Amino acid sequence: MNDSAAVGAQQLRELIGADSLLTEAADIAPFLVDERRLYRGRAFAVALPRDAEQVARLVGWCNQHRIGVVPQGGNTGYCGGATPDESGRQLLLSLRRLNRIRTVDADNFSVTAEAGCVLASVQQAADAVERFFPLSLGSEGSCQIGGNLSTNAGGLNVVRYGMARDLVLGIEAVLPDGQLLQGLKSLRKDNTGYDLKSLLVGAEGTLGVITAATLKLWPKMRSSATAFVALATPEDALRLLGLLKAQAGERLSSFELLPRIAIELTTRHISGVTDPLGEVYPWYILCELTSAADEPLSELLQHTLAEAAERSLLLDAGIATSERVRSAFWRLRETVPEAQRHAGSSLKHDISVPVAALPQFIHEASLWVRTHVSDGVLVCYGHAGDGNLHFNINCIDRERSQAFLAQEPVIRRAIHDLVAKFAGSISAEHGIGRLKREELQRYGSPVALGAMRAIKQALDPNGIMNPGKLL
């Protein structure tokens with residue numbers, strides 16, 4: 001640490017306490033690399049504030065001294081949005097100590113949680129008062145609610161409940177000048193000007209630091225039914241989705257698409273995972289119905305799948321007869337990313353297209369991969385109910401990993417150009433971060449990007465908030 005950094009660190013200790021600032025290399029190292037190990041940065045210190053007021057002091061000091069602030073939650077992101085750059089002149093701001101559930105209001109169907117609360121803790125706090133918080137991700141045991149909101153997380157229940165932004169009633173945040181925005185309202189209706197909370201959600205820490213949020217709750221789910229369905233084509237999946245929506249309405253909470261290769265990868269690389277149907281089929285859907293009432297959802301699902309079979313929309317199906325079977329279904333789905341890591345190098349694309357265009361996109365993009373990526377196998381899966389696919393390509397030969405990864409710019413451009421053709425998005429739920437910053441400049445609307453830069457300049461004229469991310 002140079003002299004100026006040492007002086008800065010001492011001033012920060014005086015602001016938040018010596019035990020809330022890390023400067024030793026070994027202590028700060030775990031904070032400096034992202035989840036996928038794509039980026040490894042440097043920081044002159046890691047701050048661990050205990051409350052929003054300490055966050056405000058830190059950000060105000062950084063603004064005064066023109067020092068970049070990199071907010072970090074559970075550090076489970078896929079786009080490098082919570083990793084500092086290589087300059088060593090930025091402050092990494094960890095929110096992990098802001099981990100209190102401030103209030104749970106069962107009558108108002110709301111919970112107020114600090115940014116450092118692990119997502120699973122928010123779910124448990126809701127469950128304890130017979131309520132339900134629907135945001136559900138594979139990383140929910142380690143990701144934090146502040147990061148979920150900053151990236152506008154999606155997950156498994158978007159088809160029914162929407163993205164993270166749709167779950168927010170109020171926000172508390174520290175603005176780039178150090179002011180604390182007190183916006184923790186729990187109102188369903190509040191038409192008093194600009195919706196600042198929605199501006200901060202999805203901003204990836206570039207407009208301020210979310211320190212707490214008031215979130216919507218639902219009645220606790222009392223009944224559910226889950227099925228693993230085999231299909232011949234994505235077109236059949238689209239038709240099955242329409243049938244389920246018509247028959248089950250709002251009870252349909254999840255609709256996940258899986259290709260055969262996902263079954264093969266998970267059963268090969270993940271302990272305890274088995275093929276739910278035992279036969280080889282081209283495509284699968286994992287769907288779930290839930291209700292806050294005691295309803296015979298298994299009968300409803302069985303009836304709907306029987307009708308789908310009569311229409312030749314499915315090849316086989318298994319309905320979970322116990323929580324153990326249901327958990328096995330979901331374990332297979334949720335461990336696909338882990339199985340891909342075990343299988344070797346992969347190129348990942350988090351894209352979305354209109355739901356109706358999903359089959360045609362899969363057809364055209366798959367054909368391109370087969371034609372142009374001879375050393376890769378496509379693993380195309382995800383949230384078909386809302387049009388979001390994780391369009392990943394795995395290297396089939398570990399010895400060729402380096403050559404395979406070298407193709408990434410060409411492959412990414414082709415996939416994203418096709419996404420643009422279908423009026424889709426290059427980032428459905430993972431955010432932009434550092435990884436897709438240039439891609440956003442290529443595919444984003446010039447008018448929208450200009451408006452974003454104007455907002456950024458107005459709120460953060462010194463450019464201290466998460467520099468180099470998003471824009």
# chains A, B, ... in the order shown; residues from 1 in each chain; ligands from 1
call {"tool": "select_by_dssp", "arguments": {"residues": "segment 176-329 of chain A", "states": "alpha helix (DSSP H)", "output": "PyMOL selection string"}}
result
chain A and resi 196-200+234-248+260-269+297-310+323-329
call {"tool": "write_last_selection", "arguments": {"atoms": "C-alpha atoms", "output": "mmCIF file, in the first residue's frame"}}
result
data_model
loop_
_atom_site.group_PDB
_atom_site.id
_atom_site.type_symbol
_atom_site.label_atom_id
_atom_site.label_comp_id
_atom_site.auth_asym_id
_atom_site.auth_seq_id
_atom_site.Cartn_x
_atom_site.Cartn_y
_atom_site.Cartn_z
ATOM 1 C CA LEU A 196 -36.546 6.141 -7.992
ATOM 2 C CA LYS A 197 -36.630 2.623 -6.586
ATOM 3 C CA SER A 198 -37.098 1.147 -10.057
ATOM 4 C CA LEU A 199 -34.211 3.271 -11.309
ATOM 5 C CA LEU A 200 -31.873 1.874 -8.644
ATOM 6 C CA PRO A 234 -39.493 -26.809 -28.468
ATOM 7 C CA GLU A 235 -42.633 -26.111 -30.531
ATOM 8 C CA ASP A 236 -44.422 -28.698 -28.403
ATOM 9 C CA ALA A 237 -43.107 -26.955 -25.293
ATOM 10 C CA LEU A 238 -44.659 -23.681 -26.450
ATOM 11 C CA ARG A 239 -48.012 -25.377 -27.046
ATOM 12 C CA LEU A 240 -47.828 -27.107 -23.666
ATOM 13 C CA LEU A 241 -47.160 -23.745 -22.020
ATOM 14 C CA GLY A 242 -50.305 -22.339 -23.606
ATOM 15 C CA LEU A 243 -52.356 -25.314 -22.454
ATOM 16 C CA LEU A 244 -51.041 -25.099 -18.883
ATOM 17 C CA LYS A 245 -51.776 -21.385 -18.715
ATOM 18 C CA ALA A 246 -55.282 -21.979 -20.003
ATOM 19 C CA GLN A 247 -55.984 -24.813 -17.559
ATOM 20 C CA ALA A 248 -54.050 -23.688 -14.476
ATOM 21 C CA ARG A 260 -31.252 -34.262 -23.373
ATOM 22 C CA ILE A 261 -27.616 -33.188 -22.919
ATOM 23 C CA ALA A 262 -28.582 -31.560 -19.584
ATOM 24 C CA ILE A 263 -29.816 -34.927 -18.294
ATOM 25 C CA GLU A 264 -26.627 -36.605 -19.448
ATOM 26 C CA LEU A 265 -24.354 -33.986 -17.871
ATOM 27 C CA THR A 266 -26.084 -33.913 -14.493
ATOM 28 C CA THR A 267 -26.431 -37.687 -14.138
ATOM 29 C CA ARG A 268 -22.767 -38.083 -15.108
ATOM 30 C CA HIS A 269 -21.237 -35.348 -12.956
ATOM 31 C CA LEU A 297 -53.217 -29.591 -8.047
ATOM 32 C CA SER A 298 -51.850 -33.040 -8.843
ATOM 33 C CA GLU A 299 -55.230 -33.931 -10.343
ATOM 34 C CA LEU A 300 -55.294 -30.684 -12.308
ATOM 35 C CA LEU A 301 -51.769 -31.258 -13.603
ATOM 36 C CA GLN A 302 -52.497 -34.881 -14.451
ATOM 37 C CA HIS A 303 -55.649 -33.899 -16.322
ATOM 38 C CA THR A 304 -53.795 -31.180 -18.251
ATOM 39 C CA LEU A 305 -50.940 -33.506 -19.205
ATOM 40 C CA ALA A 306 -53.454 -36.149 -20.322
ATOM 41 C CA GLU A 307 -55.036 -33.583 -22.611
ATOM 42 C CA ALA A 308 -51.572 -32.641 -23.876
ATOM 43 C CA ALA A 309 -50.914 -36.300 -24.657
ATOM 44 C CA GLU A 310 -54.169 -36.513 -26.610
ATOM 45 C CA GLU A 323 -41.394 -34.077 -1.689
ATOM 46 C CA ARG A 324 -38.396 -36.358 -2.194
ATOM 47 C CA VAL A 325 -39.255 -36.872 -5.863
ATOM 48 C CA ARG A 326 -40.027 -33.177 -6.338
ATOM 49 C CA SER A 327 -36.657 -32.245 -4.815
ATOM 50 C CA ALA A 328 -34.928 -34.711 -7.137
ATOM 51 C CA PHE A 329 -36.554 -33.064 -10.157
#
call {"tool": "residues_around", "arguments": {"residues": "segment 356-367 of chain A", "least_positions_apart": "4", "cutoff": "12 Å", "atoms": "only C-alpha atoms", "output": "JSON, numbers by chain"}}
result
{"A": [232, 233, 234, 235, 236, 237, 238, 239, 241, 242, 257, 259, 283, 349, 351, 352, 371, 372, 373, 374, 376, 377, 378, 379, 380, 381, 382, 383, 384, 385, 386, 387, 388, 389, 390, 391, 392, 393, 411, 412, 413, 414, 415, 416, 417, 418, 419, 420, 421, 422, 423, 424]}
call {"tool": "write_last_selection", "arguments": {"atoms": "C-alpha atoms", "output": "PDB file, in the first residue's frame"}}
result
ATOM      1  CA  ALA A 232     -40.163 -34.007 -29.141  1.00  0.00           C
ATOM      2  CA  THR A 233     -39.590 -30.318 -29.960  1.00  0.00           C
ATOM      3  CA  PRO A 234     -39.493 -26.809 -28.468  1.00  0.00           C
ATOM      4  CA  GLU A 235     -42.633 -26.111 -30.531  1.00  0.00           C
ATOM      5  CA  ASP A 236     -44.422 -28.698 -28.403  1.00  0.00           C
ATOM      6  CA  ALA A 237     -43.107 -26.955 -25.293  1.00  0.00           C
ATOM      7  CA  LEU A 238     -44.659 -23.681 -26.450  1.00  0.00           C
ATOM      8  CA  ARG A 239     -48.012 -25.377 -27.046  1.00  0.00           C
ATOM      9  CA  LEU A 241     -47.160 -23.745 -22.020  1.00  0.00           C
ATOM     10  CA  GLY A 242     -50.305 -22.339 -23.606  1.00  0.00           C
ATOM     11  CA  LEU A 257     -36.873 -26.235 -20.613  1.00  0.00           C
ATOM     12  CA  PRO A 259     -32.384 -30.641 -23.538  1.00  0.00           C
ATOM     13  CA  TRP A 283     -36.398 -32.289 -24.802  1.00  0.00           C
ATOM     14  CA  HIS A 349     -25.074 -16.617 -23.214  1.00  0.00           C
ATOM     15  CA  ILE A 351     -30.467 -14.268 -23.635  1.00  0.00           C
ATOM     16  CA  SER A 352     -34.192 -13.744 -24.014  1.00  0.00           C
ATOM     17  CA  THR A 371     -22.355 -25.664 -38.545  1.00  0.00           C
ATOM     18  CA  HIS A 372     -19.666 -23.411 -37.067  1.00  0.00           C
ATOM     19  CA  VAL A 373     -18.549 -24.896 -33.717  1.00  0.00           C
ATOM     20  CA  SER A 374     -17.270 -28.395 -34.443  1.00  0.00           C
ATOM     21  CA  GLY A 376     -18.569 -27.691 -28.987  1.00  0.00           C
ATOM     22  CA  VAL A 377     -21.845 -29.192 -27.812  1.00  0.00           C
ATOM     23  CA  LEU A 378     -24.873 -26.996 -27.232  1.00  0.00           C
ATOM     24  CA  VAL A 379     -26.480 -26.932 -23.766  1.00  0.00           C
ATOM     25  CA  CYS A 380     -29.580 -24.799 -24.279  1.00  0.00           C
ATOM     26  CA  TYR A 381     -31.839 -24.654 -21.218  1.00  0.00           C
ATOM     27  CA  GLY A 382     -33.679 -22.243 -18.998  1.00  0.00           C
ATOM     28  CA  HIS A 383     -36.819 -20.329 -18.201  1.00  0.00           C
ATOM     29  CA  ALA A 384     -38.924 -21.037 -21.266  1.00  0.00           C
ATOM     30  CA  GLY A 385     -42.041 -19.686 -19.589  1.00  0.00           C
ATOM     31  CA  ASP A 386     -40.649 -16.154 -19.805  1.00  0.00           C
ATOM     32  CA  GLY A 387     -38.465 -16.507 -22.916  1.00  0.00           C
ATOM     33  CA  ASN A 388     -35.085 -16.655 -21.137  1.00  0.00           C
ATOM     34  CA  LEU A 389     -32.521 -19.224 -22.278  1.00  0.00           C
ATOM     35  CA  HIS A 390     -29.045 -20.001 -21.021  1.00  0.00           C
ATOM     36  CA  PHE A 391     -27.641 -20.715 -24.449  1.00  0.00           C
ATOM     37  CA  ASN A 392     -24.340 -22.322 -23.473  1.00  0.00           C
ATOM     38  CA  ILE A 393     -21.780 -24.249 -25.502  1.00  0.00           C
ATOM     39  CA  ILE A 411     -19.560 -17.134 -31.359  1.00  0.00           C
ATOM     40  CA  ARG A 412     -20.854 -14.382 -29.091  1.00  0.00           C
ATOM     41  CA  ARG A 413     -21.309 -12.005 -32.012  1.00  0.00           C
ATOM     42  CA  ALA A 414     -23.246 -14.581 -34.043  1.00  0.00           C
ATOM     43  CA  ILE A 415     -25.546 -15.536 -31.149  1.00  0.00           C
ATOM     44  CA  HIS A 416     -26.175 -11.947 -30.109  1.00  0.00           C
ATOM     45  CA  ASP A 417     -26.794 -10.844 -33.706  1.00  0.00           C
ATOM     46  CA  LEU A 418     -29.434 -13.550 -33.917  1.00  0.00           C
ATOM     47  CA  VAL A 419     -30.938 -12.397 -30.619  1.00  0.00           C
ATOM     48  CA  ALA A 420     -31.150  -8.880 -32.074  1.00  0.00           C
ATOM     49  CA  LYS A 421     -32.863 -10.268 -35.190  1.00  0.00           C
ATOM     50  CA  PHE A 422     -35.554 -11.722 -32.920  1.00  0.00           C
ATOM     51  CA  ALA A 423     -35.911  -8.419 -30.990  1.00  0.00           C
ATOM     52  CA  GLY A 424     -34.514 -10.093 -27.881  1.00  0.00           C
TER      53      GLY A 424
END
call {"tool": "atom_distance", "arguments": {"atom1": "atom CA of Asp275 of chain A", "atom2": "atom CA of Glu399 of chain A"}}
result
28.7 Å
call {"tool": "select_by_dssp", "arguments": {"residues": "segment 163-349 of chain A", "states": "strand (DSSP E or B)", "output": "ChimeraX atom specification"}}
result
/A:168-174,180-183,209-216,218-219,223-231,252-259,283-291,316-319,346-347
call {"tool": "residues_around", "arguments": {"residues": "Phe109 of chain A", "least_positions_apart": "2", "cutoff": "10 Å", "atoms": "only C-alpha atoms", "output": "PyMOL selection string"}}
result
chain A and resi 104-107+111+126+129-133+186+215-219
call {"tool": "residues_around", "arguments": {"residues": "Leu435 of chain A", "least_positions_apart": "2", "cutoff": "8 Å", "atoms": "only C-alpha atoms", "output": "PyMOL selection string"}}
result
chain A and resi 79-81+432-433+437-438
call {"tool": "atom_distance", "arguments": {"atom1": "atom CA of Ala451 of chain A", "atom2": "atom CA of Val201 of chain A"}}
result
16.3 Å
call {"tool": "closest_atom_pairs", "arguments": {"of": "segment 138-238 of chain A", "to": "segment 59-68 of chain A", "cutoff": "10 Å", "atoms": "only C-alpha atoms", "output": "tab-separated table"}}
result
residue	atom	partner	partner_atom	distance
A:Val174	CA	A:Val59	CA	7.5
A:Leu175	CA	A:Val59	CA	7.9
A:Pro176	CA	A:Val59	CA	6.4
A:Asp177	CA	A:Gly60	CA	5.3
A:Gly178	CA	A:Gly60	CA	3.9
A:Gln179	CA	A:Gly60	CA	7.5
A:Gly208	CA	A:Val59	CA	8.9
A:Val209	CA	A:Val59	CA	8.7
call {"tool": "residues_around", "arguments": {"residues": "Leu231 of chain A", "least_positions_apart": "3", "cutoff": "6 Å", "atoms": "only C-alpha atoms", "output": "PyMOL selection string"}}
result
chain A and resi 283-284+314-315
call {"tool": "atom_distance", "arguments": {"atom1": "atom CA of Asn152 of chain A", "atom2": "atom CA of Glu204 of chain A"}}
result
8.4 Å
call {"tool": "closest_atom_pairs", "arguments": {"of": "segment 20-124 of chain A", "to": "segment 136-143 of chain A", "cutoff": "6 Å", "atoms": "only C-alpha atoms", "output": "Markdown table"}}
result
| residue | atom | partner | partner_atom | distance |
| --- | --- | --- | --- | --- |
| A:Gly74 | CA | A:Cys143 | CA | 4.4 |
| A:Thr76 | CA | A:Cys143 | CA | 5.9 |
| A:Val118 | CA | A:Cys143 | CA | 5.6 |
| A:Leu119 | CA | A:Glu140 | CA | 5.1 |
| A:Ala120 | CA | A:Glu140 | CA | 5.3 |
call {"tool": "closest_residue", "arguments": {"among": "A:Ala153, A:Val70, A:Ala128, A:Val55", "to": "Gly88 of chain A", "atoms": "only C-alpha atoms"}}
result
A:Val70
call {"tool": "closest_residue", "arguments": {"among": "A:Leu471, A:Met452, A:Leu277, A:Ala113", "to": "Ile210 of chain A", "atoms": "only C-alpha atoms"}}
result
A:Ala113
call {"tool": "closest_residue", "arguments": {"among": "A:Ala56, A:Leu91, A:Phe404, A:Val33", "to": "Gly8 of chain A", "atoms": "only C-alpha atoms"}}
result
A:Leu91
call {"tool": "closest_residue", "arguments": {"among": "A:Val158, A:Val168, A:Leu22, A:Leu405", "to": "Leu252 of chain A", "atoms": "only C-alpha atoms"}}
result
A:Val158
call {"tool": "closest_residue", "arguments": {"among": "A:Asp375, A:Tyr443, A:Gly170, A:Val7", "to": "Ala403 of chain A", "atoms": "only C-alpha atoms"}}
result
A:Asp375
call {"tool": "closest_residue", "arguments": {"among": "A:Ala82, A:Thr321, A:Ser253, A:Gln54", "to": "Ala173 of chain A", "atoms": "only C-alpha atoms"}}
result
A:Gln54
call {"tool": "decode", "arguments": {"residues": "segment 316-332 of chain A", "atoms": "C-alpha atoms", "output": "tab-separated table (two decimals), in the first residue's frame"}}
result
chain	number	residue	atom	x	y	z
A	316	ASP	CA	-43.83	-39.18	-21.52
A	317	ALA	CA	-44.33	-37.58	-18.13
A	318	GLY	CA	-43.78	-38.19	-14.44
A	319	ILE	CA	-45.62	-36.34	-11.68
A	320	ALA	CA	-43.85	-36.03	-8.33
A	321	THR	CA	-45.60	-38.23	-5.76
A	322	SER	CA	-43.60	-36.95	-2.77
A	323	GLU	CA	-41.39	-34.08	-1.69
A	324	ARG	CA	-38.40	-36.36	-2.19
A	325	VAL	CA	-39.25	-36.87	-5.86
A	326	ARG	CA	-40.03	-33.18	-6.34
A	327	SER	CA	-36.66	-32.25	-4.81
A	328	ALA	CA	-34.93	-34.71	-7.14
A	329	PHE	CA	-36.55	-33.06	-10.16
A	330	TRP	CA	-35.40	-29.62	-9.04
A	331	ARG	CA	-31.93	-30.81	-8.06
A	332	LEU	CA	-31.40	-31.96	-11.64
